[in-house]
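Next comes entry.txt, with compact mmCIF, C-alpha atoms.
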# COMPACT_ATOMS: atom_id res chain seq x y z
CA MET A 357 0.00 0.00 0.00
CA ALA A 358 1.45 3.34 -1.03
CA ALA A 359 2.32 5.97 1.56
CA PRO A 360 -0.21 8.76 2.04
CA SER A 361 0.46 12.09 0.38
CA THR A 362 0.98 15.33 2.25
CA SER A 363 -1.99 17.60 2.91
CA ARG A 364 -2.81 20.46 0.57
CA ALA A 365 -5.74 22.77 -0.03
CA THR A 366 -7.27 23.08 -3.50
CA PRO A 367 -8.91 26.30 -4.72
CA GLU A 368 -12.25 24.61 -4.09
CA ARG A 369 -11.33 24.46 -0.38
CA ARG A 370 -10.92 20.73 -0.60
CA ILE A 371 -8.27 19.64 1.86
CA HIS A 372 -6.56 16.29 1.63
CA HIS A 373 -6.28 14.51 4.96
CA ASP A 374 -2.71 14.22 6.23
CA THR A 375 -2.68 10.45 6.74
CA LEU A 376 -5.85 9.17 5.09
CA TYR A 377 -5.29 10.24 1.48
CA PHE A 378 -3.60 7.29 -0.20
CA PRO A 379 -2.37 7.71 -3.80
CA ASP A 380 -3.45 4.15 -4.63
CA GLY A 381 -6.88 4.55 -3.06
CA ASP A 382 -9.77 3.81 -5.40
CA VAL A 383 -12.48 6.00 -3.88
CA VAL A 384 -12.58 9.46 -2.30
CA LEU A 385 -14.90 10.25 0.59
CA SER A 386 -15.57 13.92 1.35
CA ALA A 387 -16.90 15.38 4.59
CA LEU A 388 -17.49 18.90 5.84
CA MET A 389 -14.97 20.43 8.21
CA ASP A 390 -15.72 23.19 10.72
CA PRO A 391 -16.50 26.46 8.93
CA VAL A 392 -13.85 29.19 8.72
CA GLN A 393 -14.12 32.93 8.20
CA GLU A 394 -12.16 34.43 5.30
CA ASP A 395 -12.59 38.04 4.20
CA ASN A 396 -15.95 38.21 5.98
CA ILE A 397 -17.11 35.13 4.07
CA LEU A 398 -18.04 31.96 5.88
CA ILE A 399 -16.42 29.03 4.11
CA HIS A 400 -17.18 25.34 4.65
CA PRO A 401 -14.04 23.45 3.60
CA GLN A 402 -14.25 19.78 2.74
CA GLN A 403 -11.90 17.12 4.04
CA MET A 404 -10.97 14.60 1.38
CA PHE A 405 -10.14 10.97 2.21
CA ARG A 406 -8.73 8.78 -0.56
CA VAL A 407 -9.15 5.26 0.72
CA HIS A 408 -9.63 1.68 -0.44
CA ARG A 409 -13.01 0.22 -1.26
CA PHE A 410 -12.05 -3.29 -0.24
CA LEU A 411 -11.45 -2.11 3.34
CA LEU A 412 -14.81 -0.37 3.52
CA LYS A 413 -16.62 -3.34 1.95
CA HIS A 414 -14.91 -5.79 4.29
CA ASN A 415 -15.96 -3.89 7.42
CA SER A 416 -19.36 -2.49 6.47
CA VAL A 417 -22.54 -4.04 5.12
CA PHE A 418 -23.61 -0.56 4.01
CA PHE A 419 -20.50 0.06 1.89
CA SER A 420 -20.49 -3.49 0.59
CA ASP A 421 -23.99 -3.03 -0.76
CA MET A 422 -23.23 0.44 -2.12
CA PHE A 423 -20.09 -0.60 -4.00
CA SER A 424 -21.87 -3.65 -5.40
CA LEU A 425 -24.13 -1.40 -7.47
CA PRO A 426 -23.11 -1.13 -11.14
CA ALA A 427 -21.15 2.01 -11.99
CA PRO A 428 -22.59 4.32 -14.67
CA GLU A 429 -20.97 4.12 -18.10
CA ARG A 430 -20.48 7.89 -18.17
CA PRO A 431 -20.04 9.15 -14.61
CA ASN A 432 -21.05 12.70 -13.76
CA PRO A 433 -17.89 14.89 -13.54
CA ASN A 434 -19.09 16.04 -10.13
CA GLU A 435 -18.95 12.44 -8.96
CA VAL A 436 -15.26 12.02 -9.75
CA TYR A 437 -12.28 13.49 -7.89
CA ASP A 438 -8.60 12.95 -8.60
CA GLY A 439 -9.48 10.25 -11.13
CA VAL A 440 -11.60 8.06 -8.83
CA PRO A 441 -15.25 8.04 -7.71
CA LEU A 442 -16.21 10.73 -5.20
CA VAL A 443 -18.68 9.91 -2.45
CA PRO A 444 -19.93 12.94 -0.45
CA MET A 445 -20.61 11.96 3.17
CA GLN A 446 -23.12 13.65 5.47
CA ASP A 447 -20.83 13.23 8.48
CA SER A 448 -18.35 15.48 10.24
CA ALA A 449 -14.79 15.26 8.99
CA THR A 450 -13.52 14.63 12.53
CA ASP A 451 -15.80 11.65 13.12
CA LEU A 452 -15.11 10.19 9.69
CA ALA A 453 -11.36 10.53 10.23
CA SER A 454 -11.65 8.67 13.53
CA LEU A 455 -13.68 5.92 11.88
CA LEU A 456 -11.24 5.45 9.00
CA SER A 457 -8.24 5.56 11.33
CA ALA A 458 -9.76 2.74 13.38
CA LEU A 459 -10.22 0.68 10.20
CA TYR A 460 -6.67 1.21 8.97
CA SER A 461 -5.05 0.77 12.42
CA PRO A 462 -7.26 -1.78 14.23
CA ALA A 463 -4.68 -2.49 16.93
CA ALA A 464 -4.04 1.13 17.84
CA LEU A 465 -7.19 2.72 19.19
CA PRO A 466 -6.09 6.16 20.40
CA PHE A 467 -8.45 6.30 23.38
CA LYS A 468 -6.98 6.53 26.87
CA HIS A 469 -8.10 4.22 29.63
CA MET A 470 -9.53 5.80 32.80
CA ASP A 471 -9.98 9.15 31.05
CA PRO A 472 -13.37 10.80 31.79
CA ASN A 473 -13.27 12.48 28.37
CA THR A 474 -12.75 9.31 26.31
CA PRO A 475 -16.52 8.74 25.87
CA PHE A 476 -16.80 12.10 24.12
CA LEU A 477 -14.09 11.00 21.68
CA ILE A 478 -15.79 7.71 20.84
CA GLN A 479 -19.36 8.99 20.54
CA GLY A 480 -18.94 10.16 16.96
CA ILE A 481 -17.17 7.05 15.72
CA LEU A 482 -19.75 4.82 17.43
CA ARG A 483 -22.58 6.69 15.72
CA LEU A 484 -20.92 6.13 12.34
CA ALA A 485 -20.21 2.48 13.14
CA VAL A 486 -23.92 2.01 13.82
CA LYS A 487 -24.96 4.10 10.81
CA TYR A 488 -22.76 2.15 8.38
CA THR A 489 -23.37 -1.27 9.98
CA MET A 490 -19.83 -1.83 11.21
CA ASP A 491 -20.74 -4.11 14.10
CA PRO A 492 -17.27 -5.61 14.73
CA LEU A 493 -15.75 -2.12 14.96
CA ARG A 494 -18.53 -0.92 17.27
CA THR A 495 -17.99 -3.95 19.51
CA ARG A 496 -14.22 -3.50 19.57
CA ILE A 497 -14.45 0.16 20.57
CA LEU A 498 -17.06 -0.51 23.24
CA ASP A 499 -15.01 -3.39 24.67
CA HIS A 500 -11.91 -1.18 24.77
CA TRP A 501 -13.79 1.59 26.59
CA ALA A 502 -15.87 -0.66 28.86
CA ALA A 503 -12.72 -2.22 30.35
CA ASP A 504 -12.59 0.85 32.63
CA TRP A 505 -15.82 -0.22 34.34
CA PRO A 506 -16.04 -3.24 36.69
CA ARG A 507 -18.48 -6.02 35.89
CA THR A 508 -17.94 -8.14 39.01
CA LEU A 509 -17.64 -7.43 42.71
CA VAL A 510 -13.96 -8.44 42.61
CA GLU A 511 -13.32 -5.92 39.83
CA TRP A 512 -15.29 -3.27 41.72
CA ASP A 513 -13.19 -3.82 44.85
CA ARG A 514 -9.98 -3.60 42.83
CA LEU A 515 -11.00 -0.31 41.22
CA GLU A 516 -12.12 1.16 44.55
CA ARG A 517 -8.75 0.25 46.11
CA ASP A 518 -6.90 1.82 43.18
CA ILE A 519 -8.92 5.03 43.43
CA ALA A 520 -8.42 5.18 47.22
CA ALA A 521 -4.65 4.76 46.79
CA ALA A 522 -4.58 7.41 44.07
CA LYS A 523 -6.56 9.79 46.30
CA VAL A 524 -3.83 9.59 48.96
CA ARG A 525 -1.21 10.54 46.36
CA TYR A 526 -3.27 13.46 45.09
CA LEU A 527 -3.99 14.80 48.57
CA ASN A 528 -0.26 14.78 49.31
CA ASN A 529 0.35 17.20 46.44
CA PRO A 530 -0.21 20.97 46.41
CA GLN A 531 -3.77 21.91 45.39
CA GLY A 532 -4.65 18.23 45.16
CA LYS A 533 -3.19 17.96 41.65
CA ILE A 534 -0.68 15.74 39.86
CA ASP A 535 0.59 16.95 36.47
CA GLY A 536 -1.99 19.73 36.65
CA LEU A 537 -4.96 17.38 37.01
CA TYR A 538 -7.29 16.58 39.89
CA LEU A 539 -8.16 13.00 40.77
CA ASP A 540 -11.62 13.59 39.25
CA ASP A 541 -9.93 14.34 35.91
CA CYS A 542 -8.28 10.91 35.89
CA ILE A 543 -11.09 8.45 36.61
CA PRO A 544 -14.16 7.52 34.53
CA GLU A 545 -17.20 9.75 34.98
CA PRO A 546 -20.50 7.88 35.43
CA ALA A 547 -23.07 10.03 33.60
CA ILE A 548 -21.37 9.95 30.20
CA ALA A 549 -20.71 6.24 30.77
CA ILE A 550 -24.43 5.69 31.31
CA ARG A 551 -25.18 7.67 28.16
CA ILE A 552 -22.74 5.66 26.01
CA ALA A 553 -23.83 2.33 27.49
CA ARG A 554 -27.53 2.99 26.88
CA ASP A 555 -27.16 4.63 23.46
CA PHE A 556 -24.83 2.03 21.98
CA GLY A 557 -25.73 -1.20 23.76
CA CYS A 558 -23.17 -1.88 26.46
CA PRO A 559 -25.35 -2.86 29.45
CA GLY A 560 -22.54 -4.43 31.46
CA VAL A 561 -21.23 -0.96 32.33
CA LEU A 562 -24.51 0.26 33.81
CA PRO A 563 -24.57 -1.26 37.32
CA ALA A 564 -21.20 0.20 38.36
CA ALA A 565 -21.87 3.53 36.65
CA TYR A 566 -25.29 3.91 38.29
CA TYR A 567 -23.81 3.02 41.69
CA ARG A 568 -21.11 5.68 41.31
CA ALA A 569 -23.76 8.25 40.38
CA ALA A 570 -26.20 7.19 43.11
CA ARG A 571 -23.66 7.58 45.89
CA THR A 572 -22.54 11.02 44.68
CA PRO A 573 -24.21 14.05 46.33
CA ALA A 574 -26.38 16.10 43.97
CA ASP A 575 -24.29 19.24 44.46
CA HIS A 576 -21.17 17.47 43.20
CA ASP A 577 -21.88 18.68 39.68
CA TRP A 578 -18.98 18.37 37.21
CA THR A 579 -19.56 21.74 35.53
CA ILE A 580 -20.63 23.83 38.52
CA VAL A 581 -17.81 22.60 40.75
CA ARG A 582 -15.26 23.57 38.11
CA GLN A 583 -16.72 27.07 37.90
CA GLY A 584 -16.33 27.61 41.65
CA PRO A 585 -13.34 27.69 44.01
CA GLY A 586 -12.80 23.95 43.49
CA TRP A 587 -12.33 22.82 47.08
CA LEU A 588 -14.22 19.59 46.37
CA LEU A 589 -11.73 18.74 43.64
CA ARG A 590 -8.77 19.62 45.83
CA GLU A 591 -10.10 17.27 48.51
CA GLY A 592 -10.30 14.41 46.01
CA PHE A 593 -14.10 14.22 45.69
CA CYS A 594 -15.69 12.98 42.49
CA THR A 595 -18.36 14.72 40.43
CA VAL A 596 -21.07 13.78 37.94
CA ARG A 597 -22.20 15.42 34.70
CA TRP A 598 -25.82 15.38 35.81
CA GLU A 599 -27.04 17.28 32.73
CA LEU A 600 -26.29 14.24 30.54
CA LEU A 601 -28.83 12.05 32.31
CA ASP A 602 -32.43 11.76 31.17
CA HIS A 603 -35.62 11.12 33.15
CA VAL A 604 -35.16 7.33 33.14
CA ASP A 605 -31.61 7.67 34.46
CA LEU A 606 -32.58 10.09 37.22
CA MET A 607 -35.49 7.92 38.34
CA ARG A 608 -33.16 4.93 38.54
CA ILE A 609 -30.72 6.94 40.62
CA ILE A 610 -33.47 8.11 42.98
CA SER A 611 -34.73 4.54 43.42
CA GLY A 612 -31.17 3.34 43.81
CA ARG A 613 -30.43 5.86 46.54
CA GLU A 614 -33.48 4.75 48.48
CA TYR A 615 -32.30 1.16 48.27
CA LEU A 616 -28.71 2.02 49.23
CA SER A 617 -29.95 4.07 52.17
CA SER A 618 -31.99 1.13 53.48
CA GLU A 619 -29.06 -1.25 53.01
CA TYR A 620 -26.76 1.19 54.79
CA TRP A 621 -29.09 1.03 57.80
CA VAL A 622 -28.86 -2.78 57.70
CA VAL A 623 -25.06 -2.56 57.65
CA GLU A 624 -25.14 -0.14 60.56
CA GLN A 625 -27.29 -2.55 62.58
CA ALA A 626 -24.87 -5.40 61.86
CA VAL A 627 -21.99 -3.32 63.23
CA ARG A 628 -23.84 -1.79 66.17
CA ILE A 629 -23.96 -3.50 69.57
CA ASN A 630 -27.06 -5.68 69.91
CA PRO A 631 -28.01 -8.89 71.78
CA ASP A 632 -27.23 -11.06 68.76
CA ASN A 633 -23.60 -9.98 68.46
CA ASP A 634 -22.71 -8.88 72.00
CA CYS A 635 -20.05 -11.19 73.44
CA GLY A 636 -20.02 -9.20 76.66
CA GLU A 637 -16.43 -7.96 76.28
CA ASP A 638 -15.98 -4.26 76.99
CA MET A 639 -13.34 -3.97 74.27
CA CYS A 640 -15.64 -5.40 71.59
CA GLN A 641 -18.36 -2.96 72.64
CA ARG A 642 -15.94 -0.03 72.39
CA VAL A 643 -14.71 -1.15 68.96
CA ARG A 644 -18.27 -1.54 67.65
CA MET A 645 -19.13 1.90 69.00
CA HIS A 646 -16.07 3.34 67.27
CA LEU A 647 -17.07 1.70 63.97
CA THR A 648 -20.61 3.02 64.27
CA ASP A 649 -19.75 6.55 65.40
CA ASP A 650 -16.50 7.26 63.55
CA VAL A 651 -16.11 4.92 60.57
CA LEU A 652 -19.63 4.76 59.14
CA PRO A 653 -20.82 8.43 59.24
CA PRO A 654 -18.55 9.73 56.42
CA TYR A 655 -20.42 7.49 53.98
CA GLN A 656 -23.61 9.57 54.41
CA GLY A 657 -25.88 6.55 54.30
CA VAL A 658 -25.82 6.04 50.51
CA ASP A 659 -22.69 3.93 50.04
CA PRO A 660 -23.11 0.66 51.92
CA LEU A 661 -20.36 -1.04 49.90
CA GLY A 662 -17.90 1.67 50.86
CA ALA A 663 -19.04 1.56 54.49
CA ILE A 664 -18.53 -2.21 54.61
CA ASP A 665 -15.05 -1.89 53.14
CA ALA A 666 -14.14 0.80 55.67
CA CYS A 667 -15.23 -1.36 58.61
CA LEU A 668 -13.45 -4.44 57.31
CA GLN A 669 -10.30 -2.51 56.46
CA ARG A 670 -10.17 -1.05 59.96
CA GLU A 671 -10.09 -4.56 61.41
CA TYR A 672 -7.64 -5.88 58.79
CA ASP A 673 -5.26 -3.01 59.54
CA LEU A 674 -5.34 -3.64 63.29
CA GLY A 675 -5.27 -7.43 63.44
CA GLU A 676 -6.85 -9.55 66.14
CA ASP A 677 -3.88 -9.20 68.53
CA GLU A 678 -4.12 -5.40 68.75
CA PRO A 679 -5.44 -4.04 72.06
CA GLU A 680 -8.24 -2.08 70.35
CA SER A 681 -9.54 -4.95 68.21
CA LEU A 682 -12.57 -7.22 68.31
CA CYS A 683 -12.17 -10.65 69.86
CA LEU A 684 -11.71 -13.51 67.42
CA GLY A 685 -15.35 -14.63 67.61
CA CYS A 686 -16.77 -11.13 67.05
CA ARG A 687 -14.24 -10.45 64.33
CA GLU A 688 -15.11 -13.59 62.37
CA ASP A 689 -18.83 -12.97 62.83
CA LEU A 690 -18.60 -9.35 61.65
CA GLU A 691 -16.47 -10.23 58.62
CA ALA A 692 -18.80 -13.04 57.57
CA THR A 693 -21.91 -10.88 58.03
CA LEU A 694 -20.55 -7.86 56.17
CA ASN A 695 -19.03 -9.85 53.30
CA TYR A 696 -22.33 -11.69 52.83
CA LYS A 697 -24.25 -8.40 52.87
CA LYS A 698 -21.83 -6.94 50.35
CA ARG A 699 -22.41 -9.81 47.92
CA MET A 700 -26.17 -9.53 48.32
CA ILE A 701 -26.15 -5.77 47.61
CA TRP A 702 -24.06 -6.26 44.46
CA GLN A 703 -26.27 -9.08 43.19
CA ALA A 704 -29.51 -7.18 43.89
CA TRP A 705 -28.38 -3.84 42.46
CA PRO A 706 -29.24 -4.49 38.74
CA ASN A 707 -32.74 -5.62 39.72
CA VAL A 708 -33.22 -2.53 41.89
CA LEU A 709 -32.48 -0.44 38.80
CA HIS A 710 -34.70 -2.64 36.55
CA LEU A 711 -31.80 -3.28 34.20
Take the structure from the file and write it as structure tokens.
Amino acid sequence: MAAPSTSRATPERRIHHDTLYFPDGDVVLSALMDPVQEDNILIHPQQMFRVHRFLLKHNSVFFSDMFSLPAPERPNPNEVYDGVPLVPMQDSATDLASLLSALYSPAALPFKHMDPNTPFLIQGILRLAVKYTMDPLRTRILDHWAADWPRTLVEWDRLERDIAAAKVRYLNNPQGKIDGLYLDDCIPEPAIAIRIARDFGCPGVLPAAYYRAARTPADHDWTIVRQGPGWLLREGFCTVRWELLDHVDLMRIISGREYLSSEYWVVEQAVRINPDNDCGEDMCQRVRMHLTDDVLPPYQGVDPLGAIDACLQREYDLGEDEPESLCLGCREDLEATLNYKKRMIWQAWPNVLHL
């Protein structure tokens, strides 16, 4: 395959793409670029892509059918460009370039993992993949992106530990930033994840994304927080792009919060001193009181999974031989109860949301 030519602009404001205009290509696709102002005239330049029909036919039912149609004996001059057929596309040049790049370089998707802005970069290419019936490409991009979101409780725990460890590093830096970015700028954002998952058929992402949104306070708004003094970001809190969610999403989050609040109360009762778990030891009573009064409250009653992890981690850190630890019997009972409750919450969560 010949190397692509360098970009140039023709008098007709047709601009060859830097890397997707191949001299041996046998079809040219054109797409509108963003308008530019020249001498008080608004001009709509066209981006020209000289590519290979076999690649489009191989990856797209739409293009396979289109290129199977017989060519006219005398093609219209307006339907030819640079000696090959010209196909005007009703898509943005940016999205079309992303689509073609993914076809020519299937092993090098340029989308960063754990980047909250990646979904905005893949939206356009996913729309075109659906429009032109490129199901394998759509699946590959979704799988690449969805790897950021846990599907199992084990994966959820791993991600939560990674975020907690990263939060410590960010809080130890001036202004809560590393390389000029807050923690919230470096982890997936749930609202756009919900939007992508629902619009393009990736349901496995939804439980974790809805949980992240449901446990986030309503005033932790991505846009508004970034317009203010930013103390929430400096303290390592996460935000949500609430404006991206529709009525169905918001109703699910409201229902989800009610469920999480009730489950948080159940977790609190399992930790609190009561006749079923009281061994009679003063130390165990003091530890349970500490867990109830000092460990659980920061979770605000809408993150039972986080509350369970905090209680368990407190005991793991201390160990059963520490003077301020539960006795072995209480420790084993609490761990078994909380781990069971954690599994039940995770299993029930999709049904709570009617997914």
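Nearest to Gly586 in chain A of all the residues A:Arg571, A:Ile550, A:Lys533, A:Asp638 is A:Lys533, based on all atoms listed in the file.
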Which residue out of A:Glu394, A:Glu435, A:Leu709, A:Cys683 has the minimum interatomic distance to Tyr615 in chain A when all atoms listed in the file are used? A:Leu709
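Among the candidate residues A:Pro441, A:Arg525, A:Asn432, A:Leu452, the one lying nearest to Gln403 in chain A is A:Leu452, with distances computed using all atoms listed in the file.
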Nearest residue to Leu682 in chain A from the set A:Gly636, A:Pro653, A:Gly536, A:Pro472 (distances using all atoms listed in the file):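 Ranked by minimum distance to Leu682 in chain A, first place goes to A:Gly636.
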Range 540-574 of chain A near range 689-702 of chain A within 12 Å: what's each residue's closest atom pair and its distance in Å to one decimal, counting all atoms listed in the file, ordered by chain then ascending residue number, as a tab-separated table?
residue	atom	partner	partner_atom	distance
A:Pro563	CA	A:Trp702	CA	8.7
A:Ala564	CA	A:Trp702	CA	9.3
A:Tyr566	CA	A:Trp702	CA	12.0
A:Tyr567	CA	A:Trp702	CA	9.7
Determine, counting all atoms listed in the file, which protein, DNA and RNA residues have an atom within 12 Å of an atom of Met422 in chain A; residues of the same chain fewer than 4 positions away are not included. Present the result as a ChimeraX atom specification. /A:409-410,412-413,416-418,426-427,443,488
Shell around Asp605 in chain A at 12 Å using all atoms listed in the file, local window under 4 positions removed, as a list in words: Pro546, Ala547, Ile548, Ala549, Ile550, Arg551, Ala553, Arg554, Leu562, Pro563, Ala565, Tyr566, Tyr567, Ala569, Ala570, Trp598, Glu599, Leu600, Leu601, Ile609, Ile610, Ser611, Gly612, Leu709, His710 and Leu711 of chain A
Give me, as a ChimeraX atom specification, all polymer residues having an atom no more than 10 Å from Met389 in chain A, counting only C-alpha atoms and skipping those fewer than 5 positions away in the same chain. /A:370-371,399-404,447-450
Could you check how far CA of Leu442 in chain A sits from CA of His408 in chain A, in Å to one decimal?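 According to the coordinates, CA of Leu442 in chain A and CA of His408 in chain A are separated by 12.2 Å.
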Would you please work out which residue, of A:Val708, A:Val643, A:Cys686, A:His576, is nearest to Arg608 in chain A when using only C-alpha atoms? A:Val708
Using all atoms listed in the file, which of the listed residues (A:Thr595, A:Asn415, A:Gln393, A:Asn707) sits closest to Leu459 in chain A?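 Of the candidates, the smallest distance to Leu459 in chain A is held by A:Asn415.
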Write out as a VMD selection string the residues lying within 12 Å of Trp587 in chain A, counting all atoms listed in the file and excluding same-chain residues fewer than 3 positions away. chain A and resid 527 531 to 533 538 576 580 to 584 590 to 594
What is the distance, in Å and to one decimal place, between CA of Ala704 in chain A and CA of Met470 in chain A? 26.3 Å
Would you mind reading off the distance between CA of Pro462 in chain A and CA of Leu515 in chain A, one decimal, in Å? 27.3 Å
Residues within 8 Å of range 616-620 of chain A, please, as a ChimeraX atom specification. Count all atoms listed in the file; anything in the same chain fewer than 4 positions from it doesn't count. /A:612,624,657-660,663,701
Residues of the last selection are to be written out with C-alpha atoms, as a compact mmCIF listing (two decimals), in the frame of the given file.
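Saved result, selection20.txt, follows:
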# COMPACT_ATOMS: atom_id res chain seq x y z
CA GLY A 612 -31.17 3.34 43.81
CA GLU A 624 -25.14 -0.14 60.56
CA GLY A 657 -25.88 6.55 54.30
CA VAL A 658 -25.82 6.04 50.51
CA ASP A 659 -22.69 3.93 50.04
CA PRO A 660 -23.11 0.66 51.92
CA ALA A 663 -19.04 1.56 54.49
CA ILE A 701 -26.15 -5.77 47.61
Draw an axis-aligned box over all listed atoms of range 697-706 of chain A, pad each side with 8 Å, and write its centre and edge lengths in Å, one decimal, as lines of an AutoDock Vina configuration file.
center_x = -25.7
center_y = -6.8
center_z = 45.8
size_x = 23.7
size_y = 22.0
size_z = 30.1
